[in-house]
$ cat start-v4.csv   # CSV, C-alpha atoms (C1' of nucleotides)
chain,number,residue,atom,x,y,z
A,1,MET,CA,16.6,18.0,12.4
A,2,SER,CA,16.5,20.4,15.3
A,3,ASP,CA,15.6,22.9,12.6
A,4,LEU,CA,12.5,20.8,12.1
A,5,LEU,CA,11.5,20.8,15.8
A,6,GLU,CA,12.1,24.5,15.9
A,7,ARG,CA,9.8,25.1,12.9
A,8,LEU,CA,7.1,22.8,14.3
A,9,ARG,CA,7.1,24.6,17.6
A,10,GLU,CA,6.7,27.9,15.9
A,11,ARG,CA,3.7,26.5,14.1
A,12,GLY,CA,2.1,25.6,17.4
A,13,TRP,CA,2.9,21.9,17.3
A,14,ARG,CA,2.8,20.6,20.8
A,15,LEU,CA,6.1,19.0,21.5
A,16,THR,CA,5.8,15.7,23.3
A,17,SER,CA,8.6,13.2,24.0
A,18,GLN,CA,6.9,10.8,21.6
A,19,ARG,CA,6.8,13.3,18.7
A,20,ARG,CA,10.3,14.3,19.4
A,21,VAL,CA,11.5,10.7,19.1
A,22,VAL,CA,9.6,10.2,15.8
A,23,ALA,CA,11.1,13.3,14.3
A,24,GLU,CA,14.6,12.2,15.5
A,25,VAL,CA,14.2,8.8,13.9
A,26,LEU,CA,13.4,10.4,10.6
A,27,ASP,CA,16.5,12.4,10.6
A,28,GLY,CA,19.2,11.8,8.0
A,29,ASP,CA,19.7,11.4,4.2
A,30,HIS,CA,18.1,8.7,2.1
A,31,VAL,CA,15.8,7.6,4.9
A,32,HIS,CA,12.7,5.9,3.6
A,33,LEU,CA,11.3,4.0,6.6
A,34,THR,CA,7.9,2.4,6.8
A,35,ALA,CA,5.7,3.3,9.7
A,36,ASP,CA,6.5,0.0,11.4
A,37,GLU,CA,10.2,0.6,11.0
A,38,VAL,CA,9.8,4.1,12.5
A,39,HIS,CA,7.9,2.5,15.4
A,40,ALA,CA,10.6,-0.1,15.9
A,41,ARG,CA,13.4,2.5,16.1
A,42,ALA,CA,11.3,4.8,18.3
A,43,VAL,CA,10.7,2.0,20.7
A,44,GLU,CA,14.5,1.7,21.2
A,45,ARG,CA,14.4,5.2,22.6
A,46,LEU,CA,11.0,5.3,24.2
A,47,PRO,CA,9.9,1.7,24.9
A,48,GLU,CA,6.2,2.4,25.5
A,49,ILE,CA,5.4,4.5,22.5
A,50,SER,CA,2.5,3.0,20.6
A,51,ARG,CA,2.0,2.4,17.0
A,52,ALA,CA,-1.1,4.6,16.9
A,53,THR,CA,1.0,7.5,18.1
A,54,VAL,CA,3.6,6.9,15.4
A,55,TYR,CA,0.9,6.9,12.8
A,56,ASN,CA,-0.5,10.1,14.2
A,57,ALA,CA,2.8,11.9,14.3
A,58,LEU,CA,3.7,10.7,10.8
A,59,GLY,CA,0.3,11.9,9.5
A,60,GLU,CA,0.8,15.3,11.0
A,61,LEU,CA,4.3,15.7,9.7
A,62,VAL,CA,2.9,14.9,6.3
A,63,SER,CA,0.1,17.4,6.5
A,64,LEU,CA,2.5,20.0,7.7
A,65,GLY,CA,4.6,19.3,4.6
A,66,GLU,CA,7.7,18.3,6.5
A,67,VAL,CA,7.6,14.6,5.4
A,68,VAL,CA,6.5,13.0,2.1
A,69,GLU,CA,4.6,9.8,1.8
A,70,VAL,CA,6.1,7.4,-0.8
A,71,SER,CA,4.4,4.3,-2.0
A,72,THR,CA,6.9,2.5,-4.1
A,73,ASP,CA,5.2,-0.9,-4.1
A,74,GLY,CA,1.8,-2.2,-3.1
A,75,ARG,CA,3.1,-2.6,0.4
A,76,ALA,CA,3.6,-0.3,3.3
A,77,LYS,CA,3.9,3.4,2.7
A,78,ARG,CA,7.3,4.9,3.3
A,79,TYR,CA,8.1,8.3,4.9
A,80,ASP,CA,10.7,10.6,3.4
A,81,PRO,CA,11.8,13.4,5.6
A,82,ASN,CA,13.7,15.1,2.7
A,83,ALA,CA,10.6,17.1,1.7
A,84,HIS,CA,12.3,20.5,1.5
A,85,ARG,CA,14.0,19.6,-1.8
A,86,GLN,CA,12.1,18.5,-4.8
A,87,HIS,CA,13.2,15.0,-5.8
A,88,GLU,CA,12.0,11.7,-7.2
A,89,HIS,CA,12.8,8.1,-6.4
A,90,LEU,CA,14.8,5.3,-8.0
A,91,VAL,CA,13.8,1.9,-6.7
A,92,CYS,CA,15.7,-1.4,-7.0
A,93,SER,CA,13.4,-4.1,-8.2
A,94,GLY,CA,15.6,-6.7,-6.6
A,95,CYS,CA,16.1,-5.6,-3.0
A,96,GLY,CA,13.8,-2.6,-2.7
A,97,LEU,CA,16.6,-0.1,-2.1
A,98,ILE,CA,15.4,3.5,-2.7
A,99,ARG,CA,17.6,6.4,-3.8
A,100,ASP,CA,16.6,10.0,-4.1
A,101,VAL,CA,17.2,11.3,-7.6
A,102,HIS,CA,16.9,14.7,-9.2
A,103,PRO,CA,15.6,14.5,-12.8
A,104,THR,CA,15.8,17.5,-15.1
A,105,GLY,CA,12.7,19.4,-16.0
A,106,ASP,CA,9.3,19.5,-14.4
A,107,PRO,CA,7.2,16.4,-15.1
A,108,LEU,CA,4.0,18.4,-14.6
A,109,GLU,CA,4.8,20.3,-17.7
A,110,GLN,CA,4.8,17.0,-19.6
A,111,LEU,CA,1.0,16.8,-19.3
A,112,PRO,CA,-0.7,19.0,-21.8
A,113,ALA,CA,-4.0,20.7,-20.9
A,114,GLY,CA,-5.8,18.4,-23.4
A,115,GLU,CA,-4.8,15.4,-21.4
A,116,ARG,CA,-6.0,16.7,-18.1
A,117,PHE,CA,-9.7,16.0,-18.6
A,118,GLY,CA,-10.8,18.9,-16.4
A,119,PHE,CA,-8.8,17.7,-13.4
A,120,THR,CA,-7.2,20.2,-11.1
A,121,VAL,CA,-3.8,18.6,-11.3
A,122,SER,CA,-1.9,19.3,-8.1
A,123,GLY,CA,1.2,17.0,-8.2
A,124,VAL,CA,3.0,14.2,-9.8
A,125,GLN,CA,4.9,11.3,-8.5
A,126,VAL,CA,7.7,9.8,-10.6
A,127,THR,CA,9.3,6.5,-9.7
A,128,TYR,CA,12.1,5.0,-11.7
A,129,ARG,CA,12.7,1.3,-11.5
A,130,GLY,CA,15.7,-0.8,-12.1
A,131,LEU,CA,18.4,-2.9,-10.6
A,132,CYS,CA,21.0,-1.6,-8.2
A,133,PRO,CA,24.7,-2.4,-8.9
A,134,ALA,CA,24.6,-5.2,-6.3
A,135,CYS,CA,21.5,-6.9,-7.6
A,136,ALA,CA,22.6,-6.5,-11.2
A,137,ARG,CA,25.7,-8.4,-10.5
A,138,GLY,CA,23.9,-11.2,-8.7
B,1,MET,CA,-8.9,-10.1,-25.7
B,2,SER,CA,-8.9,-13.4,-27.5
B,3,ASP,CA,-5.6,-12.2,-28.8
B,4,LEU,CA,-4.5,-12.2,-25.1
B,5,LEU,CA,-5.7,-15.8,-24.6
B,6,GLU,CA,-3.9,-16.8,-27.8
B,7,ARG,CA,-0.7,-15.2,-26.6
B,8,LEU,CA,-0.9,-16.8,-23.2
B,9,ARG,CA,-1.6,-20.3,-24.6
B,10,GLU,CA,1.5,-19.9,-26.8
B,11,ARG,CA,3.5,-19.1,-23.7
B,12,GLY,CA,2.4,-22.3,-22.0
B,13,TRP,CA,-0.2,-20.7,-19.8
B,14,ARG,CA,-2.5,-23.5,-18.7
B,15,LEU,CA,-6.0,-22.3,-19.7
B,16,THR,CA,-8.6,-23.0,-17.0
B,17,SER,CA,-12.2,-21.7,-17.0
B,18,GLN,CA,-11.3,-19.5,-14.0
B,19,ARG,CA,-8.3,-17.9,-15.8
B,20,ARG,CA,-10.4,-17.4,-19.0
B,21,VAL,CA,-13.1,-15.6,-17.0
B,22,VAL,CA,-10.6,-13.3,-15.3
B,23,ALA,CA,-9.1,-12.4,-18.7
B,24,GLU,CA,-12.5,-11.8,-20.1
B,25,VAL,CA,-13.5,-9.5,-17.2
B,26,LEU,CA,-10.5,-7.4,-17.8
B,27,ASP,CA,-11.5,-6.9,-21.4
B,28,GLY,CA,-13.5,-3.9,-22.4
B,29,ASP,CA,-13.8,-0.3,-21.3
B,30,HIS,CA,-14.3,-0.7,-17.6
B,31,VAL,CA,-10.5,-0.7,-17.0
B,32,HIS,CA,-8.8,-0.1,-13.6
B,33,LEU,CA,-10.7,-2.6,-11.6
B,34,THR,CA,-9.6,-3.6,-8.1
B,35,ALA,CA,-9.0,-7.3,-7.4
B,36,ASP,CA,-12.3,-7.5,-5.6
B,37,GLU,CA,-14.2,-5.9,-8.5
B,38,VAL,CA,-12.6,-8.3,-10.8
B,39,HIS,CA,-13.7,-11.1,-8.5
B,40,ALA,CA,-17.3,-9.7,-8.3
B,41,ARG,CA,-17.6,-9.7,-12.1
B,42,ALA,CA,-16.0,-13.1,-12.4
B,43,VAL,CA,-18.5,-14.5,-10.0
B,44,GLU,CA,-21.3,-13.4,-12.3
B,45,ARG,CA,-20.0,-15.8,-14.9
B,46,LEU,CA,-18.5,-18.5,-12.7
B,47,PRO,CA,-20.2,-18.4,-9.3
B,48,GLU,CA,-17.7,-20.5,-7.4
B,49,ILE,CA,-14.5,-18.8,-8.4
B,50,SER,CA,-12.5,-17.9,-5.3
B,51,ARG,CA,-10.7,-14.7,-4.4
B,52,ALA,CA,-7.4,-16.5,-4.1
B,53,THR,CA,-7.7,-17.7,-7.7
B,54,VAL,CA,-8.4,-14.2,-8.9
B,55,TYR,CA,-5.4,-12.9,-7.1
B,56,ASN,CA,-3.3,-15.7,-8.6
B,57,ALA,CA,-4.5,-15.0,-12.1
B,58,LEU,CA,-4.0,-11.3,-11.8
B,59,GLY,CA,-0.5,-11.8,-10.4
B,60,GLU,CA,0.4,-14.0,-13.3
B,61,LEU,CA,-1.0,-11.6,-15.9
B,62,VAL,CA,1.1,-8.9,-14.3
B,63,SER,CA,4.4,-10.9,-14.4
B,64,LEU,CA,3.7,-11.9,-18.0
B,65,GLY,CA,3.5,-8.2,-18.7
B,66,GLU,CA,-0.1,-8.3,-20.0
B,67,VAL,CA,-1.6,-6.3,-17.2
B,68,VAL,CA,-0.2,-3.4,-15.2
B,69,GLU,CA,-0.7,-2.9,-11.5
B,70,VAL,CA,-1.6,0.6,-10.5
B,71,SER,CA,-1.3,1.3,-6.8
B,72,THR,CA,-3.2,4.4,-5.7
B,73,ASP,CA,-2.3,5.5,-2.2
B,74,GLY,CA,-3.8,3.6,0.6
B,75,ARG,CA,-6.5,2.0,-1.5
B,76,ALA,CA,-6.6,-1.4,-3.2
B,77,LYS,CA,-4.4,-2.0,-6.2
B,78,ARG,CA,-6.0,-1.6,-9.6
B,79,TYR,CA,-5.4,-3.7,-12.6
B,80,ASP,CA,-5.0,-2.1,-16.0
B,81,PRO,CA,-5.2,-4.4,-19.0
B,82,ASN,CA,-4.1,-1.6,-21.4
B,83,ALA,CA,-0.5,-2.6,-21.1
B,84,HIS,CA,0.4,-2.7,-24.8
B,85,ARG,CA,0.2,1.0,-25.1
B,86,GLN,CA,2.5,3.3,-23.2
B,87,HIS,CA,0.5,5.5,-20.9
B,88,GLU,CA,0.5,7.1,-17.5
B,89,HIS,CA,-2.3,7.7,-14.9
B,90,LEU,CA,-4.1,10.6,-13.5
B,91,VAL,CA,-5.7,9.8,-10.2
B,92,CYS,CA,-8.4,11.8,-8.4
B,93,SER,CA,-7.4,12.4,-4.7
B,94,GLY,CA,-11.1,12.7,-3.8
B,95,CYS,CA,-12.8,9.6,-5.2
B,96,GLY,CA,-9.9,7.6,-6.6
B,97,LEU,CA,-11.1,7.9,-10.2
B,98,ILE,CA,-8.3,6.9,-12.7
B,99,ARG,CA,-7.8,8.2,-16.2
B,100,ASP,CA,-5.2,7.1,-18.7
B,101,VAL,CA,-3.2,10.0,-20.0
B,102,HIS,CA,-0.4,10.4,-22.5
B,103,PRO,CA,2.2,12.9,-21.6
B,104,THR,CA,4.7,14.3,-24.1
B,105,GLY,CA,8.3,13.1,-24.1
B,106,ASP,CA,9.9,10.2,-22.4
B,107,PRO,CA,10.4,10.5,-18.7
B,108,LEU,CA,13.3,8.1,-18.8
B,109,GLU,CA,15.3,10.7,-20.6
B,110,GLN,CA,14.8,13.1,-17.7
B,111,LEU,CA,17.1,11.1,-15.5
B,112,PRO,CA,20.7,11.9,-16.4
B,113,ALA,CA,23.4,9.2,-16.1
B,114,GLY,CA,24.9,11.1,-13.2
B,115,GLU,CA,21.7,10.6,-11.3
B,116,ARG,CA,21.4,6.8,-11.9
B,117,PHE,CA,24.0,5.7,-9.3
B,118,GLY,CA,25.0,2.6,-11.3
B,119,PHE,CA,21.5,1.3,-11.5
B,120,THR,CA,20.3,-0.5,-14.6
B,121,VAL,CA,17.2,1.6,-15.1
B,122,SER,CA,14.5,-0.3,-16.8
B,123,GLY,CA,11.3,1.7,-16.4
B,124,VAL,CA,9.5,4.6,-14.9
B,125,GLN,CA,6.1,5.1,-13.4
B,126,VAL,CA,4.4,8.5,-13.5
B,127,THR,CA,1.2,9.2,-11.6
B,128,TYR,CA,-0.4,12.6,-11.7
B,129,ARG,CA,-2.7,13.6,-8.8
B,130,GLY,CA,-5.4,16.1,-8.6
B,131,LEU,CA,-9.2,16.5,-8.2
B,132,CYS,CA,-11.6,15.4,-10.9
B,133,PRO,CA,-14.2,17.9,-12.0
B,134,ALA,CA,-16.9,16.4,-9.8
B,135,CYS,CA,-14.7,16.4,-6.6
B,136,ALA,CA,-13.4,19.9,-7.4
B,137,ARG,CA,-17.0,21.2,-7.3
B,138,GLY,CA,-17.9,19.4,-4.2
C,1,DT,C1',-8.6,-43.2,-21.2
C,2,DC,C1',-5.1,-42.4,-17.9
C,3,DT,C1',-1.8,-39.9,-15.3
C,4,DT,C1',0.3,-36.2,-13.3
C,5,DG,C1',1.6,-31.9,-12.0
C,6,DA,C1',-0.3,-27.6,-12.1
C,7,DC,C1',-4.5,-25.2,-10.6
C,8,DT,C1',-8.4,-24.1,-7.4
C,9,DT,C1',-10.6,-23.7,-3.1
C,10,DG,C1',-11.9,-21.3,1.1
C,11,DG,C1',-10.7,-20.6,5.5
C,12,DA,C1',-6.9,-19.0,8.4
C,13,DT,C1',-3.5,-15.8,8.6
C,14,DT,C1',-0.6,-11.8,7.9
C,15,DC,C1',0.1,-7.1,7.0
C,16,DT,C1',-1.1,-2.3,7.1
C,17,DG,C1',-3.7,1.1,8.9
C,18,DT,C1',-7.7,3.3,11.6
C,19,DC,C1',-10.8,4.0,15.5
C,20,DC,C1',-12.1,4.9,20.1
C,21,DA,C1',-12.7,5.3,25.1
C,22,DT,C1',-9.7,6.4,28.6
C,23,DC,C1',-5.7,8.1,30.7
C,24,DG,C1',-1.8,11.3,30.8
C,25,DT,C1',0.6,15.6,30.3
C,26,DA,C1',2.6,20.1,28.0
C,27,DG,C1',2.4,24.5,28.5
C,28,DG,C1',-0.3,28.6,29.5
C,29,DA,C1',-2.7,30.9,33.4
C,30,DT,C1',-2.5,32.2,38.2
D,1,DA,C1',5.8,26.8,41.6
D,2,DT,C1',1.3,25.0,41.1
D,3,DC,C1',-3.0,24.3,38.9
D,4,DC,C1',-6.0,23.5,34.7
D,5,DT,C1',-7.5,21.8,30.8
D,6,DA,C1',-7.4,20.9,26.1
D,7,DC,C1',-4.7,18.2,23.4
D,8,DG,C1',-2.0,14.1,22.9
D,9,DA,C1',-0.9,9.1,24.0
D,10,DT,C1',-2.3,4.5,24.8
D,11,DG,C1',-3.5,-0.2,23.3
D,12,DG,C1',-6.7,-3.2,22.1
D,13,DA,C1',-10.4,-3.8,18.8
D,14,DC,C1',-11.5,-3.5,14.2
D,15,DA,C1',-11.3,-3.4,9.1
D,16,DG,C1',-9.6,-3.9,4.3
D,17,DA,C1',-6.3,-6.0,1.3
D,18,DA,C1',-3.6,-9.6,0.1
D,19,DT,C1',-1.2,-14.1,1.0
D,20,DC,C1',-0.7,-18.8,2.7
D,21,DC,C1',-1.8,-23.6,3.0
D,22,DA,C1',-3.4,-28.3,2.9
D,23,DA,C1',-6.6,-30.8,0.4
D,24,DG,C1',-9.3,-31.6,-3.6
D,25,DT,C1',-9.8,-30.9,-8.8
D,26,DC,C1',-8.7,-30.9,-13.6
D,27,DA,C1',-6.2,-29.6,-18.3
D,28,DA,C1',-3.6,-31.5,-21.5
D,29,DG,C1',-0.1,-34.6,-23.1
D,30,DA,C1',1.0,-39.7,-23.4
$ encode --input "start-v4.csv" --output "structure tokens"
Amino acid sequence: MSDLLERLRERGWRLTSQRRVVAEVLDGDHVHLTADEVHARAVERLPEISRATVYNALGELVSLGEVVEVSTDGRAKRYDPNAHRQHEHLVCSGCGLIRDVHPTGDPLEQLPAGERFGFTVSGVQVTYRGLCPACARG
Amino acid sequence: MSDLLERLRERGWRLTSQRRVVAEVLDGDHVHLTADEVHARAVERLPEISRATVYNALGELVSLGEVVEVSTDGRAKRYDPNAHRQHEHLVCSGCGLIRDVHPTGDPLEQLPAGERFGFTVSGVQVTYRGLCPACARG
DNA sequence: TCTTGACTTGGATTCTGTCCATCGTAGGAT
DNA sequence: ATCCTACGATGGACAGAATCCAAGTCAAGA
């Protein structure tokens, strides 16, 4: 993740202790935290960091393309730091567990021009749903 | 939509005037309404129907598989009564407009067994994003 | 018609996220 | 090393969406 901080600095991102902590919290594989969860973990390292700051930092990381917003249910958005590799998500309907998955093919190609209705199509989000091994046994 | 009411009655759905109105509102071309829009239209027919009841009825129709919830980022969930025909959605990032689209192929087949991590995969949701012609011009 | 459990109501509450005026500070300039 | 200042942080108010709850109402079977 220090790669990330390095990249951000090069792009003129002012590095504050708060932003550093948010970036550190998002480090790791298969991390899909909500903004509130990010805030909770950030508070452990920097007790006075505010929720607004976490929202700001997350929003900036998203616009910089370093983090992807994922809304898997109608609830809170989740933030996925694994933005450098194209992937989709597999969500357990039982416990909400999220796994990154890598389908074959490009789903954008599945939408013929005749089905685009003049839209400028810029992206597609694919979410597979099912039961994880633990929930399937239960 | 009387088909729907028939099916629901057979499945033991207690038919109240409120539920009937919600089902009727979802009928027709004006698909993809938010819960509040459904409530607004329901009030025209049944002035004292409450929001809670609309939320309850919508939630039940969703669990019965008669209506599909479409969550577009950050905005209110929308309810799509066109659940009997397989389709996906194309959402305008500008104004939130939703179109039903019919991609080629089955996205479930795009997820190889090796990428399922033991999950019992039961479905997949595909949402295309872009700008509608009006927002693209603006 | 009667009964009863399921349904409805509407106000309070929770959850998620944004806004804003004010204060603080990172990092370039000196 | 110190100063400046524009950008970032703060936290409480605010707003939209959805849920909860206790009390009242009613659909449908007996």
$ residues_around --input "start-v4.csv" --residues "Ser122 (chain B)" --least-positions-apart "2" --cutoff "10 Å" --atoms "all atoms listed in the file" --output "ChimeraX atom specification"
/A:92-93,128-131 /B:108,119-120,124
$ calpha_fit_and_write --input "start-v4.csv" --fixed "chain A" --moving "chain B" --output "mmCIF file with C-alpha atoms, keeping the file's coordinate frame"
data_model
loop_
_atom_site.group_PDB
_atom_site.id
_atom_site.type_symbol
_atom_site.label_atom_id
_atom_site.label_comp_id
_atom_site.auth_asym_id
_atom_site.auth_seq_id
_atom_site.Cartn_x
_atom_site.Cartn_y
_atom_site.Cartn_z
ATOM 1 C CA MET B 1 15.935 18.780 12.352
ATOM 2 C CA SER B 2 15.566 21.206 15.199
ATOM 3 C CA ASP B 3 14.544 23.572 12.483
ATOM 4 C CA LEU B 4 11.637 21.109 11.865
ATOM 5 C CA LEU B 5 10.638 21.145 15.560
ATOM 6 C CA GLU B 6 10.816 24.946 15.527
ATOM 7 C CA ARG B 7 8.587 25.108 12.487
ATOM 8 C CA LEU B 8 6.070 22.702 13.914
ATOM 9 C CA ARG B 9 5.869 24.509 17.290
ATOM 10 C CA GLU B 10 5.165 27.740 15.373
ATOM 11 C CA ARG B 11 2.324 25.985 13.613
ATOM 12 C CA GLY B 12 0.732 24.977 16.898
ATOM 13 C CA TRP B 13 1.945 21.416 16.844
ATOM 14 C CA ARG B 14 1.704 20.179 20.415
ATOM 15 C CA LEU B 15 5.224 18.890 21.212
ATOM 16 C CA THR B 16 5.163 15.589 23.120
ATOM 17 C CA SER B 17 8.216 13.406 23.869
ATOM 18 C CA GLN B 18 6.795 10.773 21.482
ATOM 19 C CA ARG B 19 6.443 13.280 18.585
ATOM 20 C CA ARG B 20 9.968 14.689 19.285
ATOM 21 C CA VAL B 21 11.452 11.182 19.115
ATOM 22 C CA VAL B 22 9.718 10.383 15.831
ATOM 23 C CA ALA B 23 11.033 13.644 14.330
ATOM 24 C CA GLU B 24 14.459 12.905 15.594
ATOM 25 C CA VAL B 25 14.457 9.372 14.104
ATOM 26 C CA LEU B 26 13.623 10.756 10.764
ATOM 27 C CA ASP B 27 16.617 13.043 10.901
ATOM 28 C CA GLY B 28 19.867 11.983 9.381
ATOM 29 C CA ASP B 29 20.979 9.890 6.441
ATOM 30 C CA HIS B 30 19.011 6.741 6.993
ATOM 31 C CA VAL B 31 16.028 8.158 5.019
ATOM 32 C CA HIS B 32 13.136 6.066 3.582
ATOM 33 C CA LEU B 33 12.224 4.209 6.677
ATOM 34 C CA THR B 34 9.005 2.199 6.917
ATOM 35 C CA ALA B 35 6.599 3.005 9.764
ATOM 36 C CA ASP B 36 7.759 -0.059 11.618
ATOM 37 C CA GLU B 37 11.442 0.886 11.270
ATOM 38 C CA VAL B 38 10.638 4.260 12.527
ATOM 39 C CA HIS B 39 8.869 2.647 15.461
ATOM 40 C CA ALA B 40 11.849 0.272 16.123
ATOM 41 C CA ARG B 41 14.259 3.218 16.328
ATOM 42 C CA ALA B 42 11.868 5.253 18.414
ATOM 43 C CA VAL B 43 11.611 2.450 20.874
ATOM 44 C CA GLU B 44 15.357 2.600 21.411
ATOM 45 C CA ARG B 45 14.934 6.068 22.827
ATOM 46 C CA LEU B 46 11.463 5.812 24.332
ATOM 47 C CA PRO B 47 10.715 2.160 25.081
ATOM 48 C CA GLU B 48 6.981 2.476 25.560
ATOM 49 C CA ILE B 49 6.069 4.402 22.463
ATOM 50 C CA SER B 50 3.271 2.617 20.617
ATOM 51 C CA ARG B 51 2.871 1.857 16.936
ATOM 52 C CA ALA B 52 -0.362 3.791 16.766
ATOM 53 C CA THR B 53 1.419 6.922 17.996
ATOM 54 C CA VAL B 54 4.098 6.532 15.378
ATOM 55 C CA TYR B 55 1.531 6.193 12.690
ATOM 56 C CA ASN B 56 -0.255 9.282 14.020
ATOM 57 C CA ALA B 57 2.905 11.328 14.088
ATOM 58 C CA LEU B 58 3.969 10.260 10.659
ATOM 59 C CA GLY B 59 0.516 11.020 9.258
ATOM 60 C CA GLU B 60 0.631 14.474 10.714
ATOM 61 C CA LEU B 61 4.136 15.193 9.419
ATOM 62 C CA VAL B 62 2.908 14.158 6.001
ATOM 63 C CA SER B 63 -0.179 16.476 6.007
ATOM 64 C CA LEU B 64 1.965 19.349 7.273
ATOM 65 C CA GLY B 65 4.093 18.744 4.219
ATOM 66 C CA GLU B 66 7.300 18.027 6.184
ATOM 67 C CA VAL B 67 7.574 14.412 5.211
ATOM 68 C CA VAL B 68 6.686 12.642 1.979
ATOM 69 C CA GLU B 69 5.103 9.230 1.760
ATOM 70 C CA VAL B 70 6.646 6.947 -0.783
ATOM 71 C CA SER B 71 4.594 3.879 -1.586
ATOM 72 C CA THR B 72 6.601 1.130 -3.271
ATOM 73 C CA ASP B 73 4.420 -1.591 -4.724
ATOM 74 C CA GLY B 74 3.024 -4.073 -2.359
ATOM 75 C CA ARG B 75 5.428 -3.251 0.434
ATOM 76 C CA ALA B 76 5.027 -0.928 3.418
ATOM 77 C CA LYS B 77 4.983 2.794 2.833
ATOM 78 C CA ARG B 78 8.234 4.646 3.364
ATOM 79 C CA TYR B 79 8.657 8.002 4.890
ATOM 80 C CA ASP B 80 11.035 10.508 3.360
ATOM 81 C CA PRO B 81 11.927 13.521 5.471
ATOM 82 C CA ASN B 82 13.754 15.215 2.538
ATOM 83 C CA ALA B 83 10.655 17.066 1.528
ATOM 84 C CA HIS B 84 12.133 20.562 1.197
ATOM 85 C CA ARG B 85 14.029 19.631 -1.862
ATOM 86 C CA GLN B 86 12.318 18.568 -5.045
ATOM 87 C CA HIS B 87 13.314 15.052 -5.924
ATOM 88 C CA GLU B 88 12.029 11.817 -7.338
ATOM 89 C CA HIS B 89 12.721 8.119 -6.438
ATOM 90 C CA LEU B 90 14.399 5.233 -8.007
ATOM 91 C CA VAL B 91 13.254 1.974 -6.539
ATOM 92 C CA CYS B 92 14.940 -1.428 -6.878
ATOM 93 C CA SER B 93 12.359 -4.116 -7.958
ATOM 94 C CA GLY B 94 14.532 -6.792 -6.313
ATOM 95 C CA CYS B 95 15.195 -5.604 -2.762
ATOM 96 C CA GLY B 96 13.139 -2.427 -2.532
ATOM 97 C CA LEU B 97 16.185 -0.183 -2.120
ATOM 98 C CA ILE B 98 15.264 3.549 -2.679
ATOM 99 C CA ARG B 99 17.502 6.275 -4.004
ATOM 100 C CA ASP B 100 16.677 9.936 -4.374
ATOM 101 C CA VAL B 101 17.285 11.156 -7.873
ATOM 102 C CA HIS B 102 16.963 14.481 -9.630
ATOM 103 C CA PRO B 103 15.709 14.325 -13.126
ATOM 104 C CA THR B 104 16.023 17.210 -15.584
ATOM 105 C CA GLY B 105 13.013 19.364 -16.419
ATOM 106 C CA ASP B 106 9.677 19.624 -14.788
ATOM 107 C CA PRO B 107 7.314 16.772 -15.352
ATOM 108 C CA LEU B 108 4.334 19.006 -14.797
ATOM 109 C CA GLU B 109 5.103 20.720 -18.032
ATOM 110 C CA GLN B 110 4.797 17.409 -19.866
ATOM 111 C CA LEU B 111 1.071 17.351 -19.373
ATOM 112 C CA PRO B 112 -0.562 19.658 -21.908
ATOM 113 C CA ALA B 113 -3.764 21.552 -20.998
ATOM 114 C CA GLY B 114 -5.671 19.389 -23.438
ATOM 115 C CA GLU B 115 -4.767 16.381 -21.381
ATOM 116 C CA ARG B 116 -5.838 17.823 -17.966
ATOM 117 C CA PHE B 117 -9.619 17.328 -18.404
ATOM 118 C CA GLY B 118 -10.481 20.360 -16.241
ATOM 119 C CA PHE B 119 -8.494 19.145 -13.316
ATOM 120 C CA THR B 120 -6.636 21.592 -11.114
ATOM 121 C CA VAL B 121 -3.298 19.835 -11.301
ATOM 122 C CA SER B 122 -1.254 20.418 -8.256
ATOM 123 C CA GLY B 123 1.590 17.906 -8.318
ATOM 124 C CA VAL B 124 3.210 14.938 -9.888
ATOM 125 C CA GLN B 125 4.913 11.865 -8.578
ATOM 126 C CA VAL B 126 7.606 10.107 -10.606
ATOM 127 C CA THR B 127 9.024 6.750 -9.576
ATOM 128 C CA TYR B 128 11.647 5.041 -11.656
ATOM 129 C CA ARG B 129 11.989 1.234 -11.361
ATOM 130 C CA GLY B 130 14.816 -1.010 -12.107
ATOM 131 C CA LEU B 131 17.391 -3.358 -10.489
ATOM 132 C CA CYS B 132 20.149 -2.042 -8.270
ATOM 133 C CA PRO B 133 23.660 -3.176 -9.050
ATOM 134 C CA ALA B 134 23.615 -5.887 -6.399
ATOM 135 C CA CYS B 135 20.235 -7.391 -7.580
ATOM 136 C CA ALA B 136 21.296 -7.104 -11.237
ATOM 137 C CA ARG B 137 24.291 -9.369 -10.489
ATOM 138 C CA GLY B 138 22.348 -11.823 -8.524
#
$ atom_distance --input "start-v4.csv" --atom1 "CA of Gly118 (chain A)" --atom2 "CA of Cys132 (chain B)"
6.6 Å
$ closest_atom_pairs --input "start-v4.csv" --of "region 1-35 of chain B" --to "region 11-30 of chain D" --cutoff "9 Å" --atoms "only C-alpha atoms (C1' of nucleotides)" --output "CSV"
residue,atom,partner,partner_atom,distance
B:Arg14,CA,D:DA27,C1',7.1
B:Leu15,CA,D:DA27,C1',7.4
B:Thr16,CA,D:DA27,C1',7.1
$ interface_residues --input "start-v4.csv" --of "chain A" --to "chain D" --cutoff "12 Å" --atoms "only C-alpha atoms (C1' of nucleotides)" --output "list of chain:residue names"
A:Gly12, A:Trp13, A:Arg14, A:Leu15, A:Thr16, A:Ser17, A:Gln18, A:Arg19, A:Glu48, A:Ile49, A:Ser50, A:Arg51, A:Ala52, A:Thr53, A:Val54, A:Tyr55, A:Asn56, A:Ala57, A:Gly74, A:Arg75, A:Ala76
$ atom_distance --input "start-v4.csv" --atom1 "CA of Asp73 (chain A)" --atom2 "CA of Gly96 (chain A)"
8.9 Å
$ closest_atom_pairs --input "start-v4.csv" --of "chain C" --to "chain A" --cutoff "10 Å" --atoms "only C-alpha atoms (C1' of nucleotides)" --output "JSON lines"
{"residue": "C:DC15", "atom": "C1'", "partner": "A:Ala76", "partner_atom": "CA", "distance": 8.5}
{"residue": "C:DT16", "atom": "C1'", "partner": "A:Ala76", "partner_atom": "CA", "distance": 6.4}
{"residue": "C:DG17", "atom": "C1'", "partner": "A:Tyr55", "partner_atom": "CA", "distance": 8.4}
{"residue": "C:DT18", "atom": "C1'", "partner": "A:Ala52", "partner_atom": "CA", "distance": 8.6}
{"residue": "C:DC19", "atom": "C1'", "partner": "A:Ala52", "partner_atom": "CA", "distance": 9.8}
{"residue": "C:DT25", "atom": "C1'", "partner": "A:Thr16", "partner_atom": "CA", "distance": 8.7}
{"residue": "C:DA26", "atom": "C1'", "partner": "A:Thr16", "partner_atom": "CA", "distance": 7.2}
{"residue": "C:DG27", "atom": "C1'", "partner": "A:Arg14", "partner_atom": "CA", "distance": 8.6}
